[in-house]
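Step one of this worksheet: look at the structure below.
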Amino acid sequence: MADSAAAPLELGTEKIGSLLRKYAVPGIIAQTAASLYNMVDSIYIGHIPDVGPFAISGLAVTFPLMNISIALGTLVGVGAMTLISILLGQKNYESAGRVLSNTLTLNVIVGIVFTIVTLLFLDPILYFFGASERTIPFARDYMTIIILGNTFAHLMHGFNGIIRCSGHPKTAMGLTLFTVISNAILDPVFIFALGLGIKGAALATVICQLMALVYTFKFLADKKHFLHFSKPLFRLEKRIAKQSLAIGVGPFMMNVAASLVALFVNQQLRKYGGDLAIGAYGIVNRFVMLFAMICMGFNQGLQPIAGYNFGARQYKRVREIFVLTAKWEVLVTTVCFLISMFIPGGAVGLFTNDPELKALAVRGLRISCSAFALVGFGMASGNFFQCLGMVKKSIFLSLSRQLLFLLPFIYTLPLWFQETGVWISFPISDALNIIVSAILIIDIFKKFKRLNDGEEASSLGGAV
């Protein structure tokens, strides 16, 4: 794609299938790589001699805190990406540039505050999230380094998404692939060769993110690109910040909810199964996230296409891109379902050779993914409303599966089924969320059908 002010115009003219391939394939590769990025740490950590199973459990304890960090990053980054996509659809390039600078300032502020607060209270937080005396040394060593690099991670992921939605999906993909490959190379060096153990995994992660961020800044500072940093570099406009944060509230709440779920799952599994049950959840989480991240790659392709065409008031194209994206995401989650049902041992074996931990993880994977086949539809639906700036619907779908459905089951089902009750909670909440998503999608499609392309969409409650 040419680097010019007219570059995004193809989003409103090319065939939807071609656009989805062009924008989703780099996103899928990038998100798959990002998932492998996390899996690589877990795989290496799980094979540290003598301590692997408990190191995996210590890593699982950090998931809630890492989700909070991700939530804060998405609060800023996703809102900025959505605004930029819609502004490009409206051909408002100057405002899109101001959103870019705003994103830099907000990410730095949020990242620094989070780093200070979490470092001050790290041990109490980790104990609250399910750590024991046996697992907290691993959790503390890993998270201390990750938190110190937190601001770099926020900036790298946020700007990577902006690069993608501004018409450079291959560049965004390349940056993510670079972090994955470099992390896979550095991990064994730091963990085993230098003898740093779990600290080495965290250090490799932060170094790779920092290297990618340096190139990202270089790319966005280049004035030959139609979207680039402008002076003043650090600016904070109240109106833009308010709009960006309002749109980002949906994915922010989704990640906060994921953090709460991980917290309560850890607490319940520790109560009914012990430290190794938490480790089993960590393995299941990492495996399932691989497929969830592939779906997020499709969502990344959906985002600029749906946002641009909604901003350009081309509603038929908006409907078409959602249907195509949802079909592909359902295919992905169906593959995860089939692996979980028929060959779970092969998946779990990547992370551990410990017989007890492996048996717990295989059982958990089978139960928790028993309704996963249609989860792709729910993921596409939640992201679809976010792309259109429909904050309330996006928040509702983000929260329904995890807070309204999942948490009550996590606390009630173990009263009768012990540890198994925790795992059963996941397929029940998945099924309920799919039903709710279908109701909301049918409703918005009916409204779209009443609109002709070019008509005002304010009645839909969107961002334009």
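How things are named: the first chain in the structure tokens is A, the next is B, and so on; residues count from 1 in each chain; ligands count from 1 in the order shown.
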Would you kindly return, as a list of chain:residue names, each protein, DNA or RNA residue with an atom no farther than 8 Å from any atom of A:Leu72, considering only C-alpha atoms and excluding same-chain residues fewer than 4 positions away?
A:Ile68, A:Val76, A:Val110, A:Gly111, A:Phe252
How many Å lie between atom CA of A:Val189 and atom CA of A:Ala201, rounded to one decimal?
9.2 Å
Enumerate, in order of chain and increasing residue number, the residues of stretch 62-171 of chain A with an atom no farther than 7 Å from stretch 260-282 of chain A, each with its shortest atom pair and distance in Å to one decimal, counting only C-alpha atoms, as a tab-separated table.
```
residue	atom	partner	partner_atom	distance
A:Phe63	CA	A:Ala262	CA	6.6
A:Pro64	CA	A:Ala262	CA	5.4
A:Phe129	CA	A:Leu263	CA	5.1
A:Gly130	CA	A:Gln267	CA	5.3
```
Set the distance at 6 Å and use only C-alpha atoms: which residues neighbour stretch 417-425 of chain A once local chain neighbours fewer than 5 positions away are removed? I'd like the list as a ChimeraX atom specification.
/A:272,364,367-368,406,409-410
Please dump the current selection as a PDB file, in the first residue's frame; keep C-alpha atoms.
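Saved file again15.pdb follows:
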```
ATOM      1  CA  TYR A 272      -9.887 -27.549  46.296  1.00  0.00           C
ATOM      2  CA  GLY A 364      -9.133 -29.490  32.988  1.00  0.00           C
ATOM      3  CA  ILE A 367     -13.906 -30.086  30.645  1.00  0.00           C
ATOM      4  CA  SER A 368     -13.302 -26.350  30.194  1.00  0.00           C
ATOM      5  CA  LEU A 406     -18.611 -17.261  35.010  1.00  0.00           C
ATOM      6  CA  PHE A 409     -20.543 -20.576  38.782  1.00  0.00           C
ATOM      7  CA  ILE A 410     -16.909 -20.594  39.926  1.00  0.00           C
TER       8      ILE A 410
END
```
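Omitting A:Leu374 and its sequence neighbours fewer than 6 positions away, and counting only C-alpha atoms, the residues within 10 Å are Ala326, Lys327, Glu329, Val330, Leu331, Val332, Thr333, Thr334, Phe337, Asp430, Ala431, Asn433 and Ile434 of chain A.
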Could the residues in this selection be written to a file with N, CA and C atoms, as a tab-separated table (two decimals), in the first residue's frame?
```tsv
chain	number	residue	atom	x	y	z
A	326	ALA	N	-16.78	-13.68	11.60
A	326	ALA	CA	-17.36	-14.61	12.57
A	326	ALA	C	-17.23	-16.05	12.09
A	327	LYS	N	-17.43	-16.29	10.79
A	327	LYS	CA	-17.31	-17.65	10.25
A	327	LYS	C	-15.90	-18.20	10.49
A	329	GLU	N	-13.68	-17.20	12.71
A	329	GLU	CA	-13.37	-17.35	14.13
A	329	GLU	C	-14.02	-18.60	14.72
A	330	VAL	N	-15.21	-18.92	14.27
A	330	VAL	CA	-15.86	-20.16	14.72
A	330	VAL	C	-15.05	-21.38	14.26
A	331	LEU	N	-14.50	-21.33	13.07
A	331	LEU	CA	-13.66	-22.43	12.59
A	331	LEU	C	-12.44	-22.62	13.50
A	332	VAL	N	-11.84	-21.51	13.91
A	332	VAL	CA	-10.65	-21.57	14.77
A	332	VAL	C	-10.99	-22.19	16.12
A	333	THR	N	-12.07	-21.71	16.75
A	333	THR	CA	-12.42	-22.24	18.07
A	333	THR	C	-12.91	-23.68	18.00
A	334	THR	N	-13.43	-24.08	16.85
A	334	THR	CA	-13.81	-25.49	16.67
A	334	THR	C	-12.58	-26.38	16.65
A	337	PHE	N	-11.53	-26.90	20.16
A	337	PHE	CA	-12.45	-27.86	20.78
A	337	PHE	C	-12.07	-29.30	20.43
A	430	ASP	N	-19.66	-19.97	28.60
A	430	ASP	CA	-19.46	-19.81	27.16
A	430	ASP	C	-20.79	-19.92	26.42
A	431	ALA	N	-21.58	-20.93	26.76
A	431	ALA	CA	-22.86	-21.14	26.08
A	431	ALA	C	-23.81	-19.96	26.29
A	433	ASN	N	-23.01	-16.84	26.98
A	433	ASN	CA	-22.49	-15.66	26.28
A	433	ASN	C	-22.79	-15.71	24.79
A	434	ILE	N	-22.70	-16.88	24.20
A	434	ILE	CA	-22.99	-17.04	22.77
A	434	ILE	C	-24.45	-16.68	22.48
```
Write out as a PDB file with C-alpha atoms, in the first residue's frame which residues come within 12 Å of A:Gly52 when counting only C-alpha atoms, dropping same-chain ones fewer than 6 positions away.
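Done, and the output landed in out_32.pdb:
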```
ATOM      1  CA  ASP A  41       8.177 -18.594  28.478  1.00  0.00           C
ATOM      2  CA  SER A  42       5.827 -21.196  29.961  1.00  0.00           C
ATOM      3  CA  ILE A  43       7.361 -24.079  28.020  1.00  0.00           C
ATOM      4  CA  TYR A  44      10.918 -23.225  29.050  1.00  0.00           C
ATOM      5  CA  ILE A  45       9.920 -22.445  32.645  1.00  0.00           C
ATOM      6  CA  GLY A  46       8.018 -25.723  32.904  1.00  0.00           C
ATOM      7  CA  GLY A  58       4.094 -19.465  40.193  1.00  0.00           C
ATOM      8  CA  LEU A  59       3.748 -18.141  36.660  1.00  0.00           C
ATOM      9  CA  THR A 135       5.224 -20.526  44.564  1.00  0.00           C
ATOM     10  CA  PHE A 138       8.869 -17.685  41.277  1.00  0.00           C
ATOM     11  CA  GLY A 197      15.840 -19.297  35.788  1.00  0.00           C
ATOM     12  CA  ILE A 198      12.444 -17.595  35.750  1.00  0.00           C
ATOM     13  CA  LEU A 276      -0.474 -28.012  41.042  1.00  0.00           C
ATOM     14  CA  GLY A 279      -0.362 -24.887  37.458  1.00  0.00           C
ATOM     15  CA  PHE A 351       4.486 -27.585  28.941  1.00  0.00           C
ATOM     16  CA  THR A 352       5.384 -30.327  31.400  1.00  0.00           C
ATOM     17  CA  ASN A 353       6.588 -33.890  31.786  1.00  0.00           C
ATOM     18  CA  ASP A 354       5.414 -34.100  35.401  1.00  0.00           C
ATOM     19  CA  LEU A 357       0.507 -31.924  36.680  1.00  0.00           C
TER      20      LEU A 357
END
```
Pairwise distance, atom CA of A:Asn299 with atom CA of A:Phe377, equals 11.0 Å
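Comparing A:Ala80, A:Ala257, A:Leu403, A:Ala306 by their smallest distance to A:Ala380, the closest is A:Ala306 (using only C-alpha atoms).
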